[in-house]
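Source file: start.csv (CSV, C-alpha atoms and all ligand atoms)
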chain,number,residue,atom,x,y,z
A,1,MET,CA,86.1,70.6,122.4
A,2,THR,CA,82.8,70.0,120.6
A,3,ILE,CA,82.6,70.9,117.0
A,4,ASN,CA,80.0,72.9,115.3
A,5,VAL,CA,78.4,71.2,112.3
A,6,ARG,CA,75.8,72.1,109.6
A,7,GLY,CA,73.1,69.7,108.7
A,8,TYR,CA,69.4,69.3,108.0
A,9,ALA,CA,66.9,68.5,110.8
A,10,ALA,CA,63.2,68.0,111.4
A,11,PRO,CA,62.5,70.4,114.3
A,12,SER,CA,59.4,68.6,115.5
A,13,VAL,CA,57.1,65.8,114.6
A,14,LYS,CA,55.9,65.7,110.9
A,15,THR,CA,57.6,69.0,110.0
A,16,SER,CA,59.7,69.6,106.9
A,17,LEU,CA,63.4,69.3,107.3
A,18,ALA,CA,65.3,72.5,107.3
A,19,PRO,CA,68.9,73.7,107.7
A,20,TYR,CA,70.2,73.2,111.3
A,21,GLN,CA,73.5,73.8,113.1
A,22,PHE,CA,74.5,71.7,116.1
A,23,GLU,CA,77.4,70.6,118.3
A,24,ARG,CA,79.0,67.2,117.9
A,25,ARG,CA,80.5,65.6,121.0
A,26,ASP,CA,84.2,65.8,122.1
A,27,MET,CA,86.5,63.5,120.2
A,28,ARG,CA,87.7,60.6,122.3
A,29,SER,CA,91.0,58.6,121.8
A,30,ASP,CA,89.2,55.8,120.0
A,31,ASP,CA,87.2,58.0,117.7
A,32,VAL,CA,87.3,58.7,114.0
A,33,VAL,CA,86.2,62.1,112.6
A,34,ILE,CA,84.6,61.6,109.2
A,35,GLU,CA,83.8,64.2,106.6
A,36,ILE,CA,80.5,63.0,105.1
A,37,LEU,CA,80.3,62.7,101.3
A,38,TYR,CA,77.0,60.9,100.7
A,39,CYS,CA,74.1,59.7,102.8
A,40,GLY,CA,71.3,57.4,101.8
A,41,ILE,CA,67.7,58.0,102.7
A,42,CYS,CA,66.0,55.1,104.5
A,43,HIS,CA,62.3,54.7,105.2
A,44,THR,CA,63.3,54.6,108.8
A,45,ASP,CA,64.3,58.3,108.5
A,46,LEU,CA,60.7,59.1,107.5
A,47,HIS,CA,59.2,56.9,110.3
A,48,SER,CA,61.4,58.8,112.7
A,49,VAL,CA,60.4,62.3,111.5
A,50,ASN,CA,56.8,61.2,111.7
A,51,ASN,CA,57.3,59.6,115.1
A,52,ASP,CA,55.6,56.4,113.9
A,53,TRP,CA,57.1,54.4,116.7
A,54,GLY,CA,56.6,57.0,119.5
A,55,VAL,CA,60.3,57.2,120.4
A,56,SER,CA,61.5,60.2,118.4
A,57,MET,CA,63.4,63.0,120.2
A,58,PHE,CA,63.4,66.3,118.3
A,59,PRO,CA,65.2,67.9,116.6
A,60,ILE,CA,66.2,64.9,114.5
A,61,VAL,CA,69.0,64.9,112.0
A,62,PRO,CA,68.3,61.6,110.2
A,63,GLY,CA,70.7,59.5,108.1
A,64,HIS,CA,72.3,56.2,108.8
A,65,GLU,CA,73.7,55.2,105.4
A,66,ILE,CA,76.9,57.3,105.6
A,67,ILE,CA,79.9,57.3,103.3
A,68,GLY,CA,82.7,59.6,104.0
A,69,GLN,CA,86.4,60.2,104.2
A,70,VAL,CA,88.5,60.1,107.4
A,71,GLU,CA,89.4,63.6,108.5
A,72,SER,CA,91.3,62.8,111.6
A,73,VAL,CA,91.7,59.9,114.1
A,74,GLY,CA,92.2,59.7,117.9
A,75,SER,CA,95.5,58.6,119.4
A,76,ALA,CA,94.2,55.0,120.1
A,77,VAL,CA,92.9,54.4,116.6
A,78,THR,CA,94.8,51.7,114.7
A,79,ARG,CA,92.6,50.6,111.7
A,80,PHE,CA,92.0,54.0,109.9
A,81,LYS,CA,94.0,57.0,108.8
A,82,THR,CA,93.3,60.3,107.3
A,83,GLY,CA,91.9,60.0,103.8
A,84,ASP,CA,90.5,56.5,104.1
A,85,HIS,CA,87.0,55.9,102.6
A,86,VAL,CA,84.7,54.6,105.3
A,87,GLY,CA,81.1,53.9,106.1
A,88,VAL,CA,78.8,54.2,109.1
A,89,GLY,CA,75.5,52.5,109.4
A,90,CYS,CA,72.7,52.5,112.0
A,91,MET,CA,74.8,52.1,115.2
A,92,VAL,CA,77.7,54.1,116.6
A,93,ASP,CA,78.3,52.2,119.9
A,94,SER,CA,77.1,49.4,122.2
A,95,CYS,CA,78.0,48.1,125.7
A,96,GLN,CA,80.7,45.8,124.2
A,97,LYS,CA,80.4,43.3,127.1
A,98,CYS,CA,77.0,41.6,127.0
A,99,GLU,CA,76.4,38.2,125.4
A,100,ALA,CA,75.0,39.8,122.3
A,101,CYS,CA,77.9,42.1,121.8
A,102,ASN,CA,80.4,39.3,122.5
A,103,GLN,CA,78.7,37.3,119.6
A,104,GLY,CA,79.0,40.3,117.2
A,105,LEU,CA,75.3,40.9,117.5
A,106,GLU,CA,75.6,44.6,118.7
A,107,GLN,CA,72.2,45.4,117.2
A,108,TYR,CA,70.7,43.2,120.0
A,109,CYS,CA,72.9,44.6,122.7
A,110,LYS,CA,71.2,44.0,126.1
A,111,GLU,CA,71.6,47.6,127.0
A,112,GLY,CA,70.5,48.7,123.6
A,113,PRO,CA,73.0,49.9,121.0
A,114,THR,CA,73.7,53.7,120.6
A,115,LEU,CA,72.0,54.5,117.3
A,116,THR,CA,73.5,56.9,114.8
A,117,TYR,CA,70.6,59.3,115.3
A,118,ASN,CA,67.7,59.7,117.8
A,119,SER,CA,69.8,58.2,120.6
A,120,ILE,CA,71.8,59.3,123.6
A,121,ASP,CA,75.6,58.9,123.6
A,122,ARG,CA,76.3,56.3,126.3
A,123,HIS,CA,79.4,58.2,127.6
A,124,ASP,CA,78.7,61.9,127.5
A,125,LYS,CA,74.9,61.7,127.2
A,126,MET,CA,74.8,64.0,124.2
A,127,HIS,CA,72.0,63.5,121.6
A,128,THR,CA,73.2,61.6,118.5
A,129,PHE,CA,72.6,63.2,115.1
A,130,GLY,CA,72.9,61.4,111.8
A,131,GLY,CA,74.4,61.7,108.3
A,132,TYR,CA,72.3,64.6,106.8
A,133,SER,CA,75.3,66.7,107.9
A,134,GLU,CA,78.9,67.6,107.2
A,135,LYS,CA,80.8,65.5,109.8
A,136,ILE,CA,80.3,62.8,112.3
A,137,ILE,CA,82.4,61.4,115.1
A,138,VAL,CA,82.3,57.6,115.6
A,139,ARG,CA,84.0,55.0,117.8
A,140,GLU,CA,86.5,53.2,115.6
A,141,LYS,CA,84.9,49.8,116.3
A,142,PHE,CA,81.7,51.0,114.5
A,143,VAL,CA,83.4,52.4,111.4
A,144,LEU,CA,83.4,50.2,108.3
A,145,ARG,CA,86.1,49.9,105.6
A,146,ILE,CA,84.8,50.6,102.1
A,147,SER,CA,86.5,48.6,99.4
A,148,ASP,CA,88.2,50.5,96.6
A,149,CYS,CA,86.1,48.4,94.2
A,150,LEU,CA,82.9,49.9,95.4
A,151,ASP,CA,81.3,53.0,93.7
A,152,LEU,CA,81.1,55.4,96.7
A,153,LYS,CA,77.8,57.0,95.5
A,154,GLY,CA,76.0,53.6,95.6
A,155,ALA,CA,77.7,52.1,98.6
A,156,GLY,CA,75.9,54.0,101.4
A,157,PRO,CA,72.7,52.0,101.1
A,158,LEU,CA,74.6,48.8,101.8
A,159,LEU,CA,75.0,50.1,105.4
A,160,CYS,CA,71.3,49.8,106.2
A,161,ALA,CA,69.2,48.5,103.3
A,162,GLY,CA,72.0,46.1,102.4
A,163,ILE,CA,72.9,44.7,105.9
A,164,THR,CA,69.2,44.4,106.9
A,165,THR,CA,68.5,42.0,104.1
A,166,TRP,CA,72.0,40.3,104.1
A,167,SER,CA,71.7,39.3,107.8
A,168,PRO,CA,68.5,37.2,107.3
A,169,LEU,CA,69.9,35.7,104.1
A,170,ARG,CA,73.0,34.6,106.0
A,171,HIS,CA,71.1,33.5,109.2
A,172,TRP,CA,68.8,31.3,107.2
A,173,ARG,CA,71.7,30.0,105.2
A,174,VAL,CA,70.6,31.0,101.7
A,175,ARG,CA,72.8,29.5,99.0
A,176,GLU,CA,72.8,28.1,95.5
A,177,GLY,CA,69.3,26.8,94.8
A,178,THR,CA,67.5,28.2,97.9
A,179,ASN,CA,64.1,29.6,97.0
A,180,VAL,CA,63.8,33.2,98.3
A,181,GLY,CA,60.8,35.5,98.1
A,182,VAL,CA,61.1,39.3,98.7
A,183,ILE,CA,58.0,41.4,99.5
A,184,GLY,CA,58.2,45.1,98.3
A,185,LEU,CA,60.5,46.6,95.8
A,186,GLY,CA,62.0,49.7,97.6
A,187,GLY,CA,65.4,50.3,99.1
A,188,LEU,CA,65.5,47.1,101.2
A,189,GLY,CA,63.7,45.1,98.6
A,190,HIS,CA,66.0,45.9,95.7
A,191,MET,CA,69.1,45.1,97.9
A,192,ALA,CA,67.5,41.8,98.9
A,193,LEU,CA,67.0,40.9,95.2
A,194,LYS,CA,70.7,41.7,94.4
A,195,LEU,CA,72.1,39.9,97.4
A,196,ALA,CA,70.0,36.8,97.2
A,197,LYS,CA,70.9,36.5,93.5
A,198,GLY,CA,74.6,37.1,94.4
A,199,LEU,CA,74.3,34.1,96.8
A,200,GLY,CA,73.0,31.9,94.0
A,201,ALA,CA,69.3,31.7,95.2
A,202,ASN,CA,66.2,31.5,93.0
A,203,VAL,CA,64.6,34.8,93.7
A,204,THR,CA,60.9,35.9,93.4
A,205,LEU,CA,59.6,39.4,94.1
A,206,PHE,CA,56.2,40.0,95.5
A,207,SER,CA,55.0,43.5,94.6
A,208,ARG,CA,51.8,45.5,94.4
A,209,SER,CA,53.3,47.5,91.5
A,210,PRO,CA,53.1,45.8,88.0
A,211,GLY,CA,55.2,48.7,86.7
A,212,LYS,CA,58.3,47.5,88.6
A,213,LYS,CA,58.3,44.0,86.9
A,214,LYS,CA,61.1,44.8,84.3
A,215,ASP,CA,63.3,46.5,86.9
A,216,ALA,CA,62.9,43.6,89.3
A,217,ARG,CA,64.2,41.2,86.7
A,218,ARG,CA,67.2,43.4,86.0
A,219,LEU,CA,67.9,43.6,89.7
A,220,GLY,CA,68.0,39.8,90.1
A,221,ALA,CA,64.4,38.5,90.3
A,222,ASP,CA,63.8,35.3,88.3
A,223,ASN,CA,60.1,35.7,88.8
A,224,VAL,CA,57.6,38.5,89.8
A,225,VAL,CA,54.3,37.8,91.5
A,226,ILE,CA,51.8,40.6,91.7
A,227,SER,CA,50.4,40.3,95.3
A,228,THR,CA,46.9,41.5,94.4
A,229,ASP,CA,46.4,38.8,91.8
A,230,THR,CA,45.1,35.7,93.6
A,231,GLY,CA,45.9,33.4,90.6
A,232,GLN,CA,49.6,34.5,90.7
A,233,MET,CA,49.7,34.1,94.5
A,234,ALA,CA,48.3,30.5,94.1
A,235,SER,CA,51.0,29.6,91.5
A,236,VAL,CA,53.8,29.8,94.1
A,237,LYS,CA,52.1,27.7,96.9
A,238,GLY,CA,54.6,25.8,99.0
A,239,LYS,CA,57.6,27.3,97.2
A,240,PHE,CA,59.8,29.5,99.4
A,241,ASP,CA,62.4,28.5,102.0
A,242,LEU,CA,62.6,32.1,103.1
A,243,ILE,CA,60.5,35.2,102.5
A,244,ILE,CA,61.9,38.6,103.5
A,245,ASP,CA,59.0,41.1,104.1
A,246,THR,CA,60.2,44.7,103.7
A,247,VAL,CA,56.8,46.4,103.7
A,248,PRO,CA,56.9,49.4,106.1
A,249,TYR,CA,53.2,49.5,107.1
A,250,THR,CA,50.5,47.1,108.2
A,251,HIS,CA,49.5,44.6,105.6
A,252,ASP,CA,47.9,41.2,105.4
A,253,ILE,CA,50.7,38.6,105.7
A,254,ASN,CA,48.3,35.6,105.8
A,255,GLN,CA,48.2,35.7,102.1
A,256,TYR,CA,51.9,35.0,101.9
A,257,LEU,CA,52.1,32.1,104.4
A,258,PRO,CA,50.8,29.3,102.1
A,259,SER,CA,53.7,30.2,99.7
A,260,LEU,CA,56.3,29.1,102.3
A,261,SER,CA,57.6,25.5,102.0
A,262,ILE,CA,57.4,23.1,104.9
A,263,ASN,CA,59.8,24.5,107.5
A,264,GLY,CA,59.9,27.8,105.6
A,265,THR,CA,60.2,31.2,107.4
A,266,LEU,CA,58.8,34.6,106.7
A,267,VAL,CA,61.0,37.2,108.3
A,268,PHE,CA,59.8,40.7,109.0
A,269,VAL,CA,62.3,43.5,108.5
A,270,GLY,CA,59.9,46.3,107.7
A,271,LEU,CA,56.8,46.5,109.9
A,272,LEU,CA,57.5,47.3,113.5
A,273,GLY,CA,54.3,46.9,115.4
A,274,ASN,CA,51.0,44.9,115.4
A,275,LEU,CA,49.7,42.8,112.6
A,276,GLU,CA,46.4,43.5,111.0
A,277,PRO,CA,44.5,41.4,110.3
A,278,THR,CA,45.7,39.0,113.0
A,279,LEU,CA,48.0,36.1,112.2
A,280,ASN,CA,46.3,32.9,111.2
A,281,THR,CA,48.2,30.0,112.7
A,282,VAL,CA,46.8,27.3,110.4
A,283,PRO,CA,49.5,27.5,107.7
A,284,LEU,CA,52.1,27.6,110.5
A,285,ILE,CA,50.9,24.5,112.2
A,286,LEU,CA,50.1,22.6,109.0
A,287,GLY,CA,53.7,22.9,107.7
A,288,ARG,CA,55.9,23.7,110.6
A,289,ARG,CA,56.3,27.2,109.1
A,290,SER,CA,57.7,30.2,111.1
A,291,VAL,CA,57.2,33.9,111.3
A,292,SER,CA,60.3,35.8,112.5
A,293,GLY,CA,61.9,39.2,112.6
A,294,SER,CA,65.4,40.6,112.1
A,295,ALA,CA,67.1,44.0,112.8
A,296,ILE,CA,70.0,45.3,110.7
A,297,GLY,CA,73.2,43.2,111.4
A,298,GLY,CA,76.3,43.2,113.5
A,299,ILE,CA,79.4,45.2,112.7
A,300,ALA,CA,81.5,42.1,111.6
A,301,GLU,CA,78.6,40.9,109.5
A,302,THR,CA,78.3,44.4,107.9
A,303,GLN,CA,82.0,44.3,107.0
A,304,GLU,CA,81.4,40.8,105.6
A,305,LEU,CA,78.6,42.2,103.4
A,306,LEU,CA,80.8,45.2,102.2
A,307,ASP,CA,83.6,42.8,101.3
A,308,PHE,CA,81.1,40.5,99.5
A,309,CYS,CA,79.7,43.5,97.6
A,310,GLY,CA,83.3,44.6,96.7
A,311,GLU,CA,84.0,41.2,95.3
A,312,HIS,CA,80.7,40.9,93.3
A,313,GLY,CA,80.5,44.6,92.2
A,314,ILE,CA,77.2,45.1,94.1
A,315,THR,CA,75.9,48.6,95.0
A,316,ALA,CA,72.5,50.2,95.3
A,317,ASP,CA,70.6,51.7,92.3
A,318,ILE,CA,70.4,55.3,93.4
A,319,GLU,CA,68.9,58.7,92.6
A,320,MET,CA,71.3,61.3,93.8
A,321,ILE,CA,69.6,64.4,95.2
A,322,LYS,CA,70.7,67.8,96.7
A,323,ILE,CA,69.9,68.2,100.3
A,324,HIS,CA,67.4,71.0,99.8
A,325,ASP,CA,65.3,68.5,97.8
A,326,ILE,CA,64.9,66.2,100.9
A,327,ASN,CA,61.3,67.0,101.6
A,328,GLU,CA,60.3,66.2,98.0
A,329,ALA,CA,62.2,62.9,98.3
A,330,TYR,CA,60.3,62.0,101.4
A,331,LYS,CA,57.0,62.6,99.6
A,332,ARG,CA,58.1,60.4,96.7
A,333,MET,CA,59.3,57.6,99.1
A,334,LEU,CA,55.8,57.6,100.7
A,335,LYS,CA,54.4,57.0,97.2
A,336,SER,CA,56.9,54.1,96.6
A,337,ASP,CA,58.3,56.2,93.8
A,338,VAL,CA,62.0,55.7,94.3
A,339,LYS,CA,64.4,53.9,92.0
A,340,TYR,CA,65.5,52.4,94.3
A,341,ARG,CA,67.3,54.5,96.9
A,342,PHE,CA,67.7,58.3,97.3
A,343,VAL,CA,71.2,59.4,98.2
A,344,ILE,CA,72.1,62.9,99.3
A,345,ASP,CA,75.1,64.6,97.9
A,346,ILE,CA,76.4,66.2,101.1
A,347,ALA,CA,78.5,68.7,99.0
A,348,SER,CA,75.1,70.4,98.3
A,349,LEU,CA,75.0,71.5,102.0
A,350,LYS,CA,77.8,73.9,101.2
A,351,SER,CA,76.2,75.4,98.1
B,1,LIG,P1,60.9,51.9,100.8
B,1,LIG,O1,62.1,52.2,100.0
B,1,LIG,O2,59.8,52.9,100.9
B,1,LIG,O3,60.2,50.5,100.2
B,1,LIG,C1,59.1,49.9,100.8
B,1,LIG,C2,58.4,49.1,99.7
B,1,LIG,O4,57.3,48.4,100.3
B,1,LIG,C3,57.7,50.0,98.6
B,1,LIG,O5,58.5,50.3,97.6
B,1,LIG,C4,56.5,49.1,98.2
B,1,LIG,O6,57.0,48.1,97.2
B,1,LIG,C5,56.1,48.4,99.4
B,1,LIG,N1,55.1,49.0,100.2
B,1,LIG,C6,55.1,50.3,100.7
B,1,LIG,N2,53.9,50.6,101.4
B,1,LIG,C7,53.2,49.4,101.3
B,1,LIG,C8,51.9,49.1,101.8
B,1,LIG,N3,51.2,49.9,102.5
B,1,LIG,N4,51.5,47.8,101.5
B,1,LIG,C9,52.2,47.0,100.8
B,1,LIG,N5,53.4,47.3,100.3
B,1,LIG,C10,53.9,48.5,100.5
B,1,LIG,O7,61.3,51.5,102.3
B,1,LIG,P2,62.7,50.9,102.8
B,1,LIG,O8,63.7,52.0,103.0
B,1,LIG,O9,63.1,49.7,101.9
B,1,LIG,O10,62.3,50.4,104.2
B,1,LIG,C11,61.3,49.3,104.4
B,1,LIG,C12,61.0,49.2,105.9
B,1,LIG,O11,62.1,48.5,106.5
B,1,LIG,C13,60.7,50.5,106.6
B,1,LIG,O12,59.6,50.2,107.5
B,1,LIG,C14,62.0,50.7,107.4
B,1,LIG,O13,61.8,51.4,108.6
B,1,LIG,C15,62.3,49.3,107.7
B,1,LIG,N6,63.7,49.0,108.1
B,1,LIG,C16,64.0,48.1,109.0
B,1,LIG,C17,65.3,47.8,109.4
B,1,LIG,C18,65.6,46.7,110.3
B,1,LIG,O14,66.6,46.7,110.9
B,1,LIG,N7,64.7,45.7,110.5
B,1,LIG,C19,66.4,48.5,108.8
B,1,LIG,C20,66.1,49.4,107.8
B,1,LIG,C21,64.7,49.7,107.4
B,1,LIG,P3,56.0,47.6,96.0
B,1,LIG,O15,55.7,48.9,95.2
B,1,LIG,O16,56.9,46.7,95.2
B,1,LIG,O17,54.8,46.9,96.5
B,2,ZN,ZN,67.7,52.3,107.6
B,3,ZN,ZN,76.0,44.9,124.6
Would you mind giving the structure from this file in structure tokens?
Amino acid sequence: MTINVRGYAAPSVKTSLAPYQFERRDMRSDDVVIEILYCGICHTDLHSVNNDWGVSMFPIVPGHEIIGQVESVGSAVTRFKTGDHVGVGCMVDSCQKCEACNQGLEQYCKEGPTLTYNSIDRHDKMHTFGGYSEKIIVREKFVLRISDCLDLKGAGPLLCAGITTWSPLRHWRVREGTNVGVIGLGGLGHMALKLAKGLGANVTLFSRSPGKKKDARRLGADNVVISTDTGQMASVKGKFDLIIDTVPYTHDINQYLPSLSINGTLVFVGLLGNLEPTLNTVPLILGRRSVSGSAIGGIAETQELLDFCGEHGITADIEMIKIHDINEAYKRMLKSDVKYRFVIDIASLKS
């Protein structure tokens, strides 16, 4: 039996989001049914509604920073029970047998993971819909435990913004004394500052926005470099072991490469597409520097992050909104006017 659920959807490309009712798939024995309490708003939601990557299937119910409470569980579920607080991020399934899945890298599943929204369920071929809705049904393996120490309102953004910056910090072995740069202070950027600081790194924010300086320091930056100021850019030449670039749109990365140390890496997590202007290889060759990319993180790694955040008291800085203010929130996100993640109070769907 499918269940009927209320949510908000974009009916077609670049349209405003509006109330939408839809069917969620049949529950299977290894499924958890979750009543959604809060859902973060990621810039990916906006890219998807605008079909920036040419892969959007409408209508889209966005949302992949989901916090909720278990309503019921299938007969084969062992790790969760009714009433537990849980989270769901960007993926709800994967093949579970390829090399990537076997290594806990479900985000790089050879068959492609089933995404929380804008994807097709790999078993019953139904369209997946995200967290701007009352309920979601998710395979147990892709449901995350939320520590009692975490404030539920600020925990949702850990499931995308958090893990997307945590995964490169861990992959490039960031620890006490590592010099980390973060480009862009939005949802991902502010999590990157908090998490890099939590790991003991020396953290610098690159931003176009001088007005964000004070907040950046509060969020964990030891230093702020205004990227349009050539003098400030020159002052950090050769400094960073790792730079995490969270900027969503085309921008000139050549200006950042000289600030990498020898063997340093700039990792893209924001821009999905071509570089403009083209990449200048001179600083790469004359310093064995690398440019890389990274997508979210695996399920085990996401649980590791949630547990780390529980121990260190780390959650996102959020602005809670009602769901009918979603279109205004998108406009503000496009202007980089978010401090530093919008979260939807899903109770507002019912009012
Ligand atoms: P966001 O909250 O809108 O923040 C982006 C920040 O980038 C802005 O606050 C701004 O910071 C800076 N910025 C924006 N436009 C810019 C431009 N044209 N040039 C230079 N800087 C600009 O976005 P988000 O939710 O953090 O997401 C960031 C990107 O990551 C999106 O493209 C999203 O789709 C992507 N993403 C990727 C993954 C993954 O798995 N790799 C996961 C989640 C999200 P300043 O004002 O400080 O300059
Ligand atoms: Zn996201
Ligand atoms: Zn796989």
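CA of Leu257 (chain A) is positioned 15.2 Å from CA of Gly231 (chain A).
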CA of Val49 (chain A) to CA of Ile344 (chain A), distance in Å rounded to a single decimal: 16.9 Å
Shell of 6 Å around ligand ZN 3 (chain B) (only C-alpha atoms and all ligand atoms), written as a list in words: Ser94, Cys95, Gln96, Lys97, Cys98, Ala100, Cys101, Glu106, Cys109, Lys110 and Glu111 of chain A
Point-to-point distance from CA of Ser75 (chain A) to CA of Met27 (chain A), Å rounded to tenths: 10.3 Å
Distance query Val86 (chain A) at most 9 Å, only C-alpha atoms, self and fewer than 6 positions along chain excluded, as a list in words: Ile34, Ile66, Ile67, Gly68, Gln69, Val70, Phe80, Val143, Leu144, Arg145, Ile146 and Ser147 of chain A
What residues of the protein or nucleic acid chains come within 6 Å of ligand ZN 2 (chain B) when you use all atoms listed in the file? Reply as a PDB file with C-alpha atoms, in the frame of the given file.
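Final output, part.pdb:
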ATOM      1  CA  CYS A  42      66.000  55.100 104.500  1.00  0.00           C
ATOM      2  CA  THR A  44      63.300  54.600 108.800  1.00  0.00           C
ATOM      3  CA  CYS A 160      71.300  49.800 106.200  1.00  0.00           C
ATOM      4  CA  ALA A 161      69.200  48.500 103.300  1.00  0.00           C
TER       5      ALA A 161
END
So that each row is one residue of chain A with an atom at most 6 Å from ligand LIG 1 (chain B), can you give its shortest atom pair and the distance in Å to one decimal, using all atoms listed in the file, rows by chain and rising number, as JSON lines?
{"residue": "A:Cys42", "atom": "CA", "partner": "B:LIG1", "partner_atom": "O8", "distance": 4.1}
{"residue": "A:His43", "atom": "CA", "partner": "B:LIG1", "partner_atom": "O8", "distance": 3.8}
{"residue": "A:Thr44", "atom": "CA", "partner": "B:LIG1", "partner_atom": "O13", "distance": 3.5}
{"residue": "A:Cys160", "atom": "CA", "partner": "B:LIG1", "partner_atom": "C20", "distance": 5.5}
{"residue": "A:Ala161", "atom": "CA", "partner": "B:LIG1", "partner_atom": "C20", "distance": 5.5}
{"residue": "A:Thr164", "atom": "CA", "partner": "B:LIG1", "partner_atom": "O14", "distance": 5.3}
{"residue": "A:Gly184", "atom": "CA", "partner": "B:LIG1", "partner_atom": "O6", "distance": 3.4}
{"residue": "A:Leu185", "atom": "CA", "partner": "B:LIG1", "partner_atom": "O16", "distance": 3.7}
{"residue": "A:Gly186", "atom": "CA", "partner": "B:LIG1", "partner_atom": "O3", "distance": 3.3}
{"residue": "A:Gly187", "atom": "CA", "partner": "B:LIG1", "partner_atom": "O9", "distance": 3.7}
{"residue": "A:Leu188", "atom": "CA", "partner": "B:LIG1", "partner_atom": "O9", "distance": 3.6}
{"residue": "A:Gly189", "atom": "CA", "partner": "B:LIG1", "partner_atom": "O9", "distance": 5.7}
{"residue": "A:Ser207", "atom": "CA", "partner": "B:LIG1", "partner_atom": "O16", "distance": 3.8}
{"residue": "A:Arg208", "atom": "CA", "partner": "B:LIG1", "partner_atom": "O17", "distance": 3.9}
{"residue": "A:Ser209", "atom": "CA", "partner": "B:LIG1", "partner_atom": "O15", "distance": 4.6}
{"residue": "A:Thr246", "atom": "CA", "partner": "B:LIG1", "partner_atom": "C11", "distance": 4.8}
{"residue": "A:Val247", "atom": "CA", "partner": "B:LIG1", "partner_atom": "O4", "distance": 4.0}
{"residue": "A:Pro248", "atom": "CA", "partner": "B:LIG1", "partner_atom": "O12", "distance": 3.1}
{"residue": "A:Tyr249", "atom": "CA", "partner": "B:LIG1", "partner_atom": "N3", "distance": 5.0}
{"residue": "A:His251", "atom": "CA", "partner": "B:LIG1", "partner_atom": "N4", "distance": 5.6}
{"residue": "A:Val269", "atom": "CA", "partner": "B:LIG1", "partner_atom": "N7", "distance": 3.8}
{"residue": "A:Gly270", "atom": "CA", "partner": "B:LIG1", "partner_atom": "O11", "distance": 3.3}
{"residue": "A:Leu271", "atom": "CA", "partner": "B:LIG1", "partner_atom": "O12", "distance": 5.2}
{"residue": "A:Ser294", "atom": "CA", "partner": "B:LIG1", "partner_atom": "N7", "distance": 5.4}
{"residue": "A:Ala295", "atom": "CA", "partner": "B:LIG1", "partner_atom": "O14", "distance": 3.3}
{"residue": "A:Ile296", "atom": "CA", "partner": "B:LIG1", "partner_atom": "O14", "distance": 3.7}
{"residue": "A:Met333", "atom": "CA", "partner": "B:LIG1", "partner_atom": "O2", "distance": 5.1}
{"residue": "A:Ser336", "atom": "CA", "partner": "B:LIG1", "partner_atom": "O5", "distance": 4.2}
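Between Thr265 (chain A) and the candidates A:Ser290, A:Ser119, A:Thr315, A:Asn50, the tightest atom-to-atom separation, counting only C-alpha atoms, involves A:Ser290.
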Polymer residues at most 9 Å from Tyr38 (chain A), all atoms listed in the file, same-chain spacing of 2 or more positions, as a PyMOL selection string: chain A and resi 36+40+65-68+131-132+152-154+156+320+343-347
Given only C-alpha atoms as the counted atoms, nearest of A:Val180, A:Ala316, A:Val88, A:Leu260 to Arg341 (chain A): A:Ala316
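Closest approach to Gly310 (chain A) from the set A:Arg217, A:Val174, A:Ala155, A:Ile136 is made by A:Ala155, with distances taken over all atoms listed in the file.
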Among listed residues A:Ser235, A:Gly297, A:His312, A:Ile262, nearest Leu199 (chain A) (using only C-alpha atoms): A:His312
Residue nearest Asp45 (chain A) among A:Val5, A:Ala76, A:Asn327, A:Gly87 (counting only C-alpha atoms): A:Asn327
